$ cat target05.pdb   # PDB, C-alpha atoms, pLDDT in the B column
ATOM      1  CA  GLY K   1       0.000   0.000   0.000  1.00 71.00           C
ATOM      2  CA  ALA K   2       0.838   3.727   0.066  1.00 83.00           C
ATOM      3  CA  VAL K   3       1.998   4.021  -3.518  1.00 90.00           C
ATOM      4  CA  VAL K   4       2.804   7.319  -5.158  1.00 94.00           C
ATOM      5  CA  SER K   5       2.816   7.513  -8.924  1.00 96.00           C
ATOM      6  CA  GLN K   6       4.875  10.255 -10.530  1.00 97.00           C
ATOM      7  CA  HIS K   7       4.710  11.249 -14.179  1.00 97.00           C
ATOM      8  CA  PRO K   8       6.420  11.745 -16.463  1.00 98.00           C
ATOM      9  CA  SER K   9       9.541   9.777 -15.611  1.00 97.00           C
ATOM     10  CA  TRP K  10      11.551  11.960 -17.934  1.00 97.00           C
ATOM     11  CA  VAL K  11      10.942  15.023 -20.053  1.00 98.00           C
ATOM     12  CA  ILE K  12      12.971  17.168 -22.400  1.00 97.00           C
ATOM     13  CA  CYS K  13      11.780  20.675 -23.050  1.00 96.00           C
ATOM     14  CA  LYS K  14      12.983  23.795 -24.782  1.00 97.00           C
ATOM     15  CA  SER K  15      14.240  26.735 -22.828  1.00 97.00           C
ATOM     16  CA  GLY K  16      11.446  29.147 -22.003  1.00 97.00           C
ATOM     17  CA  THR K  17       8.666  26.596 -21.963  1.00 97.00           C
ATOM     18  CA  SER K  18       6.809  25.219 -18.952  1.00 97.00           C
ATOM     19  CA  VAL K  19       6.686  21.657 -17.754  1.00 98.00           C
ATOM     20  CA  LYS K  20       4.183  20.032 -15.406  1.00 98.00           C
ATOM     21  CA  ILE K  21       5.021  17.069 -13.217  1.00 98.00           C
ATOM     22  CA  GLU K  22       2.233  15.088 -11.572  1.00 97.00           C
ATOM     23  CA  CYS K  23       2.289  13.116  -8.382  1.00 96.00           C
ATOM     24  CA  ARG K  24      -0.671  10.918  -7.485  1.00 95.00           C
ATOM     25  CA  SER K  25      -1.350   8.887  -4.390  1.00 92.00           C
ATOM     26  CA  LEU K  26      -2.914   5.681  -5.671  1.00 92.00           C
ATOM     27  CA  ASP K  27      -4.347   3.947  -2.638  1.00 86.00           C
ATOM     28  CA  PHE K  28      -4.461   6.555   0.063  1.00 86.00           C
ATOM     29  CA  GLN K  29      -5.267  10.196   0.592  1.00 87.00           C
ATOM     30  CA  ALA K  30      -2.265  12.455   0.836  1.00 87.00           C
ATOM     31  CA  THR K  31      -2.995  15.556   2.832  1.00 86.00           C
ATOM     32  CA  THR K  32       0.623  16.607   2.681  1.00 89.00           C
ATOM     33  CA  MET K  33       3.076  16.186  -0.144  1.00 93.00           C
ATOM     34  CA  PHE K  34       6.642  17.312  -0.547  1.00 94.00           C
ATOM     35  CA  TRP K  35       8.682  18.209  -3.606  1.00 96.00           C
ATOM     36  CA  TYR K  36      12.402  17.692  -3.869  1.00 97.00           C
ATOM     37  CA  ARG K  37      15.036  18.277  -6.487  1.00 97.00           C
ATOM     38  CA  GLN K  38      18.267  16.376  -6.765  1.00 97.00           C
ATOM     39  CA  PHE K  39      21.356  17.248  -8.773  1.00 96.00           C
ATOM     40  CA  PRO K  40      23.829  14.551  -9.824  1.00 93.00           C
ATOM     41  CA  LYS K  41      25.842  13.070  -6.979  1.00 91.00           C
ATOM     42  CA  GLN K  42      23.990  15.213  -4.476  1.00 94.00           C
ATOM     43  CA  SER K  43      21.338  14.621  -1.870  1.00 94.00           C
ATOM     44  CA  LEU K  44      17.680  15.500  -2.157  1.00 95.00           C
ATOM     45  CA  MET K  45      16.880  19.128  -1.480  1.00 94.00           C
ATOM     46  CA  LEU K  46      13.430  19.982  -0.197  1.00 93.00           C
ATOM     47  CA  MET K  47      11.764  22.609  -2.361  1.00 96.00           C
ATOM     48  CA  ALA K  48       8.308  22.931  -0.897  1.00 94.00           C
ATOM     49  CA  THR K  49       5.548  21.396   1.147  1.00 92.00           C
ATOM     50  CA  SER K  50       2.077  21.253  -0.322  1.00 91.00           C
ATOM     51  CA  ASN K  51      -1.079  20.804   1.700  1.00 88.00           C
ATOM     52  CA  GLU K  52      -4.370  19.934   0.088  1.00 87.00           C
ATOM     53  CA  GLY K  53      -6.527  22.967  -0.428  1.00 84.00           C
ATOM     54  CA  SER K  54      -3.983  25.541   0.661  1.00 86.00           C
ATOM     55  CA  LYS K  55      -0.955  27.342  -0.693  1.00 89.00           C
ATOM     56  CA  ALA K  56       2.339  25.543  -0.738  1.00 92.00           C
ATOM     57  CA  THR K  57       5.088  26.464   1.679  1.00 92.00           C
ATOM     58  CA  TYR K  58       8.389  27.021  -0.065  1.00 95.00           C
ATOM     59  CA  GLU K  59      11.833  26.544   1.393  1.00 94.00           C
ATOM     60  CA  GLN K  60      14.169  29.474   1.544  1.00 94.00           C
ATOM     61  CA  GLY K  61      15.722  30.268  -1.807  1.00 95.00           C
ATOM     62  CA  VAL K  62      13.098  28.479  -3.893  1.00 96.00           C
ATOM     63  CA  GLU K  63      11.249  30.782  -6.280  1.00 94.00           C
ATOM     64  CA  LYS K  64       7.545  30.240  -5.804  1.00 93.00           C
ATOM     65  CA  ASP K  65       6.695  31.951  -9.092  1.00 95.00           C
ATOM     66  CA  LYS K  66       8.991  29.649 -10.986  1.00 96.00           C
ATOM     67  CA  PHE K  67       8.006  26.409  -9.306  1.00 97.00           C
ATOM     68  CA  LEU K  68       4.230  26.430  -9.122  1.00 96.00           C
ATOM     69  CA  ILE K  69       2.736  23.800  -6.864  1.00 95.00           C
ATOM     70  CA  ASN K  70      -0.906  22.857  -6.848  1.00 91.00           C
ATOM     71  CA  HIS K  71      -2.490  20.392  -4.446  1.00 90.00           C
ATOM     72  CA  ALA K  72      -6.129  20.659  -5.376  1.00 83.00           C
ATOM     73  CA  SER K  73      -7.191  17.190  -4.282  1.00 90.00           C
ATOM     74  CA  LEU K  74      -6.198  14.584  -1.735  1.00 89.00           C
ATOM     75  CA  THR K  75      -4.686  12.404  -4.422  1.00 91.00           C
ATOM     76  CA  LEU K  76      -2.929  14.818  -6.741  1.00 93.00           C
ATOM     77  CA  SER K  77      -0.159  17.363  -6.417  1.00 94.00           C
ATOM     78  CA  THR K  78       1.510  19.013  -9.382  1.00 96.00           C
ATOM     79  CA  LEU K  79       4.736  20.892  -9.842  1.00 97.00           C
ATOM     80  CA  THR K  80       5.012  23.218 -12.815  1.00 97.00           C
ATOM     81  CA  VAL K  81       8.407  24.525 -13.772  1.00 98.00           C
ATOM     82  CA  THR K  82       7.660  27.772 -15.555  1.00 97.00           C
ATOM     83  CA  SER K  83       9.911  29.371 -18.160  1.00 97.00           C
ATOM     84  CA  ALA K  84      12.395  26.573 -17.752  1.00 97.00           C
ATOM     85  CA  HIS K  85      16.088  27.188 -18.301  1.00 96.00           C
ATOM     86  CA  PRO K  86      18.990  24.762 -18.580  1.00 97.00           C
ATOM     87  CA  GLU K  87      19.907  25.344 -14.934  1.00 96.00           C
ATOM     88  CA  ASP K  88      16.514  23.903 -13.975  1.00 97.00           C
ATOM     89  CA  SER K  89      17.581  20.572 -15.385  1.00 97.00           C
ATOM     90  CA  SER K  90      17.467  18.194 -12.469  1.00 97.00           C
ATOM     91  CA  PHE K  91      15.775  15.153 -10.969  1.00 98.00           C
ATOM     92  CA  TYR K  92      12.498  16.090  -9.303  1.00 98.00           C
ATOM     93  CA  ILE K  93      10.942  13.801  -6.721  1.00 98.00           C
ATOM     94  CA  CYS K  94       7.641  14.019  -4.897  1.00 97.00           C
ATOM     95  CA  SER K  95       6.817  12.453  -1.578  1.00 95.00           C
ATOM     96  CA  ALA K  96       3.649  11.929   0.386  1.00 92.00           C
ATOM     97  CA  ARG K  97       3.287  11.645   4.110  1.00 86.00           C
ATOM     98  CA  VAL K  98       1.422   8.565   5.309  1.00 82.00           C
ATOM     99  CA  THR K  99       0.080   8.083   8.796  1.00 74.00           C
ATOM    100  CA  ARG K 100       1.197   4.746  10.171  1.00 67.00           C
ATOM    101  CA  GLN K 101      -1.304   2.449  11.782  1.00 67.00           C
ATOM    102  CA  GLY K 102      -1.551   2.569  15.528  1.00 66.00           C
ATOM    103  CA  GLY K 103      -0.334   6.151  15.710  1.00 59.00           C
ATOM    104  CA  ARG K 104       3.264   5.009  15.308  1.00 61.00           C
ATOM    105  CA  GLY K 105       4.494   8.105  13.605  1.00 62.00           C
ATOM    106  CA  TYR K 106       4.524   8.963   9.939  1.00 68.00           C
ATOM    107  CA  GLY K 107       5.871   7.190   6.946  1.00 78.00           C
ATOM    108  CA  TYR K 108       6.892   8.831   3.745  1.00 87.00           C
ATOM    109  CA  THR K 109       6.511   7.283   0.350  1.00 91.00           C
ATOM    110  CA  PHE K 110       8.281   8.659  -2.679  1.00 95.00           C
ATOM    111  CA  GLY K 111       7.514   8.888  -6.339  1.00 97.00           C
ATOM    112  CA  SER K 112       9.906   7.401  -8.857  1.00 97.00           C
ATOM    113  CA  GLY K 113      11.173  10.813  -9.876  1.00 97.00           C
ATOM    114  CA  THR K 114      11.174  12.921 -13.036  1.00 98.00           C
ATOM    115  CA  ARG K 115      14.317  13.659 -14.975  1.00 98.00           C
ATOM    116  CA  LEU K 116      13.932  17.118 -16.479  1.00 98.00           C
ATOM    117  CA  THR K 117      16.313  18.225 -19.194  1.00 98.00           C
ATOM    118  CA  VAL K 118      16.005  21.747 -20.525  1.00 97.00           C
ATOM    119  CA  VAL K 119      17.712  22.364 -23.854  1.00 97.00           C
TER
ATOM    120  CA  LEU Q   1      14.926  19.923  12.756  1.00 57.00           C
ATOM    121  CA  ALA Q   2      17.478  17.353  13.861  1.00 62.00           C
ATOM    122  CA  LYS Q   3      20.574  17.202  11.696  1.00 83.00           C
ATOM    123  CA  THR Q   4      22.024  13.840  10.830  1.00 92.00           C
ATOM    124  CA  THR Q   5      25.619  12.850  10.153  1.00 94.00           C
ATOM    125  CA  GLN Q   6      26.636   9.714   8.292  1.00 96.00           C
ATOM    126  CA  PRO Q   7      29.813   8.447   6.661  1.00 97.00           C
ATOM    127  CA  ILE Q   8      29.985   9.619   3.071  1.00 96.00           C
ATOM    128  CA  SER Q   9      30.886   6.226   1.692  1.00 97.00           C
ATOM    129  CA  MET Q  10      31.456   2.602   2.637  1.00 97.00           C
ATOM    130  CA  ASP Q  11      32.756  -0.417   0.798  1.00 97.00           C
ATOM    131  CA  SER Q  12      31.805  -3.993   1.439  1.00 97.00           C
ATOM    132  CA  TYR Q  13      31.897  -7.408  -0.185  1.00 97.00           C
ATOM    133  CA  GLU Q  14      29.090  -9.709  -1.075  1.00 97.00           C
ATOM    134  CA  GLY Q  15      27.870 -11.815   1.817  1.00 97.00           C
ATOM    135  CA  GLN Q  16      29.147  -9.496   4.507  1.00 97.00           C
ATOM    136  CA  GLU Q  17      27.092  -7.703   7.109  1.00 97.00           C
ATOM    137  CA  VAL Q  18      27.135  -3.935   6.737  1.00 98.00           C
ATOM    138  CA  ASN Q  19      26.500  -1.516   9.564  1.00 98.00           C
ATOM    139  CA  ILE Q  20      25.945   2.153   8.833  1.00 98.00           C
ATOM    140  CA  THR Q  21      25.833   4.473  11.802  1.00 97.00           C
ATOM    141  CA  CYS Q  22      24.067   7.806  11.856  1.00 96.00           C
ATOM    142  CA  SER Q  23      24.445  10.544  14.453  1.00 96.00           C
ATOM    143  CA  HIS Q  24      21.491  12.730  15.388  1.00 93.00           C
ATOM    144  CA  ASN Q  25      22.520  14.479  18.566  1.00 92.00           C
ATOM    145  CA  ASN Q  26      19.631  16.944  18.562  1.00 88.00           C
ATOM    146  CA  ILE Q  27      16.847  14.421  18.178  1.00 90.00           C
ATOM    147  CA  ALA Q  28      13.648  15.472  19.896  1.00 87.00           C
ATOM    148  CA  THR Q  29      11.307  13.397  21.999  1.00 88.00           C
ATOM    149  CA  ASN Q  30       8.726  12.998  19.245  1.00 82.00           C
ATOM    150  CA  ASP Q  31      11.179  12.249  16.442  1.00 85.00           C
ATOM    151  CA  TYR Q  32      11.300   8.941  14.633  1.00 87.00           C
ATOM    152  CA  ILE Q  33      14.349   7.596  12.837  1.00 91.00           C
ATOM    153  CA  THR Q  34      13.894   6.346   9.319  1.00 91.00           C
ATOM    154  CA  TRP Q  35      16.296   4.905   6.782  1.00 95.00           C
ATOM    155  CA  TYR Q  36      15.851   5.066   3.036  1.00 95.00           C
ATOM    156  CA  GLN Q  37      17.651   3.494   0.113  1.00 97.00           C
ATOM    157  CA  GLN Q  38      18.079   5.228  -3.219  1.00 97.00           C
ATOM    158  CA  PHE Q  39      19.272   3.830  -6.517  1.00 97.00           C
ATOM    159  CA  PRO Q  40      20.372   6.161  -9.326  1.00 94.00           C
ATOM    160  CA  SER Q  41      17.488   7.929 -11.061  1.00 93.00           C
ATOM    161  CA  GLN Q  42      14.920   6.503  -8.666  1.00 96.00           C
ATOM    162  CA  GLY Q  43      13.040   7.872  -5.714  1.00 96.00           C
ATOM    163  CA  PRO Q  44      14.095   6.852  -2.215  1.00 95.00           C
ATOM    164  CA  ARG Q  45      12.689   3.598  -0.933  1.00 94.00           C
ATOM    165  CA  PHE Q  46      11.720   3.016   2.692  1.00 92.00           C
ATOM    166  CA  ILE Q  47      13.884   0.478   4.508  1.00 94.00           C
ATOM    167  CA  ILE Q  48      13.057   0.681   8.184  1.00 93.00           C
ATOM    168  CA  GLN Q  49      11.803   3.024  10.877  1.00 90.00           C
ATOM    169  CA  GLY Q  50      12.211   3.017  14.621  1.00 91.00           C
ATOM    170  CA  TYR Q  51      11.849   5.044  17.769  1.00 91.00           C
ATOM    171  CA  LYS Q  52      13.978   3.191  20.293  1.00 91.00           C
ATOM    172  CA  THR Q  53      15.776  -0.104  20.990  1.00 91.00           C
ATOM    173  CA  LYS Q  54      15.770  -2.518  18.075  1.00 96.00           C
ATOM    174  CA  VAL Q  55      13.582  -2.949  15.055  1.00 95.00           C
ATOM    175  CA  THR Q  56      13.915  -5.751  12.542  1.00 96.00           C
ATOM    176  CA  ASN Q  57      12.174  -6.446   9.276  1.00 94.00           C
ATOM    177  CA  GLU Q  58      12.804  -8.728   6.337  1.00 94.00           C
ATOM    178  CA  VAL Q  59      15.589  -6.600   4.895  1.00 94.00           C
ATOM    179  CA  ALA Q  60      17.357  -4.856   7.779  1.00 97.00           C
ATOM    180  CA  SER Q  61      17.702  -4.185  11.467  1.00 98.00           C
ATOM    181  CA  LEU Q  62      17.816  -0.845  13.181  1.00 98.00           C
ATOM    182  CA  PHE Q  63      19.585  -0.402  16.481  1.00 97.00           C
ATOM    183  CA  ILE Q  64      18.863   2.666  18.576  1.00 97.00           C
ATOM    184  CA  PRO Q  65      20.611   3.207  21.930  1.00 96.00           C
ATOM    185  CA  ALA Q  66      18.782   4.510  24.952  1.00 96.00           C
ATOM    186  CA  ASP Q  67      19.833   8.123  24.434  1.00 96.00           C
ATOM    187  CA  ARG Q  68      18.656   7.959  20.795  1.00 95.00           C
ATOM    188  CA  LYS Q  69      21.475  10.231  19.683  1.00 95.00           C
ATOM    189  CA  SER Q  70      22.577   7.738  17.091  1.00 96.00           C
ATOM    190  CA  SER Q  71      21.255   4.764  15.187  1.00 97.00           C
ATOM    191  CA  THR Q  72      22.773   1.917  13.219  1.00 98.00           C
ATOM    192  CA  LEU Q  73      21.328   0.344  10.138  1.00 98.00           C
ATOM    193  CA  SER Q  74      22.407  -3.261   9.769  1.00 98.00           C
ATOM    194  CA  LEU Q  75      22.173  -5.012   6.405  1.00 98.00           C
ATOM    195  CA  PRO Q  76      22.793  -8.754   6.687  1.00 95.00           C
ATOM    196  CA  ARG Q  77      24.669 -10.538   3.927  1.00 94.00           C
ATOM    197  CA  VAL Q  78      24.702  -7.771   1.342  1.00 97.00           C
ATOM    198  CA  SER Q  79      24.654  -8.484  -2.367  1.00 97.00           C
ATOM    199  CA  LEU Q  80      25.716  -6.436  -5.375  1.00 97.00           C
ATOM    200  CA  SER Q  81      22.167  -5.153  -5.690  1.00 97.00           C
ATOM    201  CA  ASP Q  82      22.486  -3.436  -2.321  1.00 97.00           C
ATOM    202  CA  THR Q  83      24.873  -0.917  -3.866  1.00 98.00           C
ATOM    203  CA  ALA Q  84      23.022   2.340  -3.331  1.00 98.00           C
ATOM    204  CA  VAL Q  85      22.872   5.506  -1.281  1.00 98.00           C
ATOM    205  CA  TYR Q  86      21.439   5.116   2.207  1.00 98.00           C
ATOM    206  CA  TYR Q  87      19.883   8.026   4.009  1.00 96.00           C
ATOM    207  CA  CYS Q  88      19.192   8.359   7.699  1.00 95.00           C
ATOM    208  CA  LEU Q  89      16.441  10.830   8.502  1.00 91.00           C
ATOM    209  CA  VAL Q  90      14.776  12.125  11.593  1.00 87.00           C
ATOM    210  CA  SER Q  91      11.152  13.057  11.192  1.00 75.00           C
ATOM    211  CA  LEU Q  92       8.795  14.937  13.422  1.00 65.00           C
ATOM    212  CA  ASN Q  93       5.646  13.185  14.533  1.00 50.00           C
ATOM    213  CA  GLY Q  94       3.914  16.493  14.193  1.00 48.00           C
ATOM    214  CA  ASN Q  95       2.137  18.836  11.889  1.00 49.00           C
ATOM    215  CA  THR Q  96       4.834  19.611   9.352  1.00 58.00           C
ATOM    216  CA  GLY Q  97       6.852  16.416   9.378  1.00 69.00           C
ATOM    217  CA  LYS Q  98       9.289  17.739   6.818  1.00 78.00           C
ATOM    218  CA  LEU Q  99      11.950  15.253   5.828  1.00 81.00           C
ATOM    219  CA  ILE Q 100      15.315  16.901   5.445  1.00 82.00           C
ATOM    220  CA  PHE Q 101      17.890  14.737   3.747  1.00 89.00           C
ATOM    221  CA  GLY Q 102      21.513  14.727   4.772  1.00 87.00           C
ATOM    222  CA  GLN Q 103      24.340  13.697   2.495  1.00 90.00           C
ATOM    223  CA  GLY Q 104      23.666   9.975   2.782  1.00 95.00           C
ATOM    224  CA  THR Q 105      26.092   7.062   2.689  1.00 97.00           C
ATOM    225  CA  THR Q 106      27.095   5.590  -0.647  1.00 98.00           C
ATOM    226  CA  LEU Q 107      27.504   1.865  -0.145  1.00 98.00           C
ATOM    227  CA  GLN Q 108      29.526   0.037  -2.751  1.00 98.00           C
ATOM    228  CA  VAL Q 109      29.247  -3.738  -2.618  1.00 98.00           C
ATOM    229  CA  LYS Q 110      32.011  -5.550  -4.425  1.00 97.00           C
ATOM    230  CA  PRO Q 111      32.015  -9.129  -5.710  1.00 96.00           C
TER
END

$ encode --input "target05.pdb" --output "structure tokens"
Amino acid sequence: GAVVSQHPSWVICKSGTSVKIECRSLDFQATTMFWYRQFPKQSLMLMATSNEGSKATYEQGVEKDKFLINHASLTLSTLTVTSAHPEDSSFYICSARVTRQGGRGYGYTFGSGTRLTVV
Amino acid sequence: LAKTTQPISMDSYEGQEVNITCSHNNIATNDYITWYQQFPSQGPRFIIQGYKTKVTNEVASLFIPADRKSSTLSLPRVSLSDTAVYYCLVSLNGNTGKLIFGQGTTLQVKP
């Protein structure tokens, strides 16, 4: 259980265009989702936290107008990279927080990631 | 948010037991300790989670001392397919629950 489906797995776009990445929770409702980006040989960097029905909370240094996050339903969060440039090329990963049974804390399940290449 | 410190890299051979230790000196009372595995170009995959003492599942064991300022992930009899990056994270059992990734440990299993 607790599967997150992320699409597309890879995308190539031209500089200046926008790209949307989708993250769906398949068998549970995800009130909270997180978006990360990862550069080669580096760790995951948290970009923002999205809560269903409210505005996303962005980490310091992340441009909210460039990385638009929408979490309109309990099963879908989207990240749109607007006016993409080559420096936005990266691996983007979404994650959903899952409440463990018995109140034993939270689990986090991750999407398979999206490789974005801006040319 | 508790910061974690792990070795950057480790080498091992097939069939050996691998222990990766993580330091989290500022862990709070409500924090859980979770380990993830990540292969190249894939999202992290949950391995194990614990709060205190010892937790064991079908793939790993997690040892947490009484003061909870560190934890050790134990992988029994590793194989080549266990070559990956392993992340130790401390998560809040609270409203935000943001997962902040440290540098992780790159485990290289050799034949």

$ atom_distance --input "target05.pdb" --atom1 "atom CA of Q:Ser70" --atom2 "atom CA of Q:Cys88"
10.0 Å

$ closest_atom_pairs --input "target05.pdb" --of "chain Q" --to "chain K" --cutoff "7 Å" --atoms "all atoms listed in the file" --output "Markdown table"
| residue | atom | partner | partner_atom | distance |
| --- | --- | --- | --- | --- |
| Q:Tyr32 | CA | K:Gly105 | CA | 6.9 |
| Q:Gln42 | CA | K:Ser112 | CA | 5.1 |
| Q:Gly43 | CA | K:Ser112 | CA | 4.5 |
| Q:Pro44 | CA | K:Phe110 | CA | 6.1 |
| Q:Arg45 | CA | K:Phe110 | CA | 6.9 |
| Q:Asn93 | CA | K:Gly105 | CA | 5.3 |
| Q:Ile100 | CA | K:Leu46 | CA | 6.7 |
| Q:Phe101 | CA | K:Leu44 | CA | 6.0 |
| Q:Gly102 | CA | K:Ser43 | CA | 6.6 |
| Q:Gln103 | CA | K:Ser43 | CA | 5.4 |
| Q:Gly104 | CA | K:Ser43 | CA | 7.0 |

$ resolve_selection --input "target05.pdb" --expression "the PyMOL selection byres ((chain Q and resi 3-10) around 12)" --output "JSON, numbers by chain"
{"K": [41, 42, 43], "Q": [1, 2, 11, 12, 13, 18, 19, 20, 21, 22, 23, 24, 25, 26, 27, 28, 31, 33, 34, 35, 69, 70, 71, 72, 73, 82, 83, 84, 85, 86, 87, 88, 89, 90, 91, 99, 100, 101, 102, 103, 104, 105, 106, 107, 108, 109, 110]}

$ closest_residue --input "target05.pdb" --among "K:Leu116, K:Ser50, K:Val81, K:Thr31" --to "K:Glu63" --atoms "all atoms listed in the file"
K:Val81

$ resolve_selection --input "target05.pdb" --expression "the PyMOL selection byres ((chain K and resi 13) around 12)" --output "PyMOL selection string"
chain K and resi 10-12+14-20+81-86+88-89+115-119

$ atom_distance --input "target05.pdb" --atom1 "atom CA of Q:Ile48" --atom2 "atom CA of Q:Pro76"
13.6 Å

$ atom_distance --input "target05.pdb" --atom1 "atom CA of K:Asp27" --atom2 "atom CA of K:Val4"
8.3 Å

$ resolve_selection --input "target05.pdb" --expression "the PyMOL selection byres ((chain Q and resi 15) around 8)" --output "PDB file with C-alpha atoms, keeping the file's coordinate frame"
ATOM      1  CA  TYR Q  13      31.897  -7.408  -0.185  1.00 97.00           C
ATOM      2  CA  GLU Q  14      29.090  -9.709  -1.075  1.00 97.00           C
ATOM      3  CA  GLN Q  16      29.147  -9.496   4.507  1.00 97.00           C
ATOM      4  CA  GLU Q  17      27.092  -7.703   7.109  1.00 97.00           C
ATOM      5  CA  PRO Q  76      22.793  -8.754   6.687  1.00 95.00           C
ATOM      6  CA  ARG Q  77      24.669 -10.538   3.927  1.00 94.00           C
ATOM      7  CA  VAL Q  78      24.702  -7.771   1.342  1.00 97.00           C
ATOM      8  CA  SER Q  79      24.654  -8.484  -2.367  1.00 97.00           C
TER       9      SER Q  79
END

$ axis_aligned_box --input "target05.pdb" --around "stretch 54-63 of chain K" --padding-each-side "6 Å" --output "JSON"
{"center_x": 5.9, "center_y": 28.2, "center_z": -2.3, "size_x": 31.7, "size_y": 17.2, "size_z": 20.0}

$ closest_residue --input "target05.pdb" --among "Q:Thr53, Q:Tyr36, Q:Pro111, Q:Lys98" --to "Q:Ser81" --atoms "all atoms listed in the file"
Q:Pro111
